[in-house]
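Single-structure report; data block below.
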Amino acid sequence: MKYFAIIITLFFISFNQKTDKLTGRYNYLIEDEGAYILKDKITFGDSIFKFDNKYLPKGKVSYGNVILLDNFINTDLIISIPKDQIKKDTIPFFMHDKKHPAMNYLDIVVGKGKLIRIK
């Protein structure tokens with residue numbers, strides 16, 4: 001009987017766990033002089049993302065305290081997303097230049113934008 005209870009408990013634990021990963025399709029908007037401009041649509045998979053524009057390369061998603069999107073449109077550009085924001089339908093993000101002379105380029109924001117979930 002106790003083995004049955006253990007199996008039931010493990011079954012419910014596995015279904016109640018939520019992943020902290022980006023999934024689905026989003027509109028990709030860039031802030032330009034106080035206005036947001038729609039650039040493209042992005043589809044997130046497990047650890048990759050791709051733009052609807054088939055000529056743009058796929059990128060990779062790194063999960064940690066901050067979620068990083070690498071290999072973006074401009075290869076010198078990296079996008080950071082606060083981890084607590086990914087459960088929302090509108091996700092603010094920050095752009096960083098990898099070639100910035102600062103010691104830690106993630107401390108310097110060169111642009112920002114939003115990802116808006118497409119339902």
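Scheme for the structure tokens: letters A, B, ... for chains in order shown; per-chain residue numbers from 1; ligand numbers from 1 in order shown.
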query: Which residues, written as a PyMOL selection string, have at least one atom at most 8 Å from segment 77-94 of chain A, with only C-alpha atoms counted and residues fewer than 6 positions away on the same chain left out?
result: chain A and resi 20-22+64-71+106+109-117
field: A:Ile7, A:Val61, A:Ala102, A:Ile30 ranked by distance to Thr43 of chain A, top pick (using only C-alpha atoms)
entry: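 Of the candidates, the smallest distance to Thr43 of chain A is held by A:Val61.
Closest approach to Phe49 of chain A from the set A:Gly24, A:Asn104, A:Gly34, A:Asp97 is made by A:Gly24, with distances taken over only C-alpha atoms.
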- request: Name the residues of chain A that come out as alpha helix (DSSP H) in a backbone DSSP run; write them as a VMD selection string.
  value: chain A and resid 2 to 16
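Rounded to one decimal, atom CA of Ala35 of chain A and atom CA of His96 of chain A lie 19.4 Å from each other.
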message: From the options A:Thr75, A:Met95, A:Arg25, A:Pro101, which residue's atoms come nearest to Asp52 of chain A, counting only C-alpha atoms?
response: A:Arg25
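Picture a line from atom CA of Thr23 of chain A to atom CA of Ile48 of chain A; it runs 9.6 Å.
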message: Counting only C-alpha atoms, which residue out of A:Phe72, A:Tyr28, A:Tyr36, A:Tyr105 sits closest to Leu56 of chain A?
response: A:Phe72
query: When you draw a straight line from atom CA of Ile118 of chain A to atom CA of Leu29 of chain A, how long is it in Å?
result: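 Separation between atom CA of Ile118 of chain A and atom CA of Leu29 of chain A: 12.6 Å.
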query: Which residues come within 9 Å of Lys50 of chain A, counting only C-alpha atoms, excluding same-chain residues fewer than 6 positions away, as a ChimeraX atom specification?
result: /A:41-44,56-60
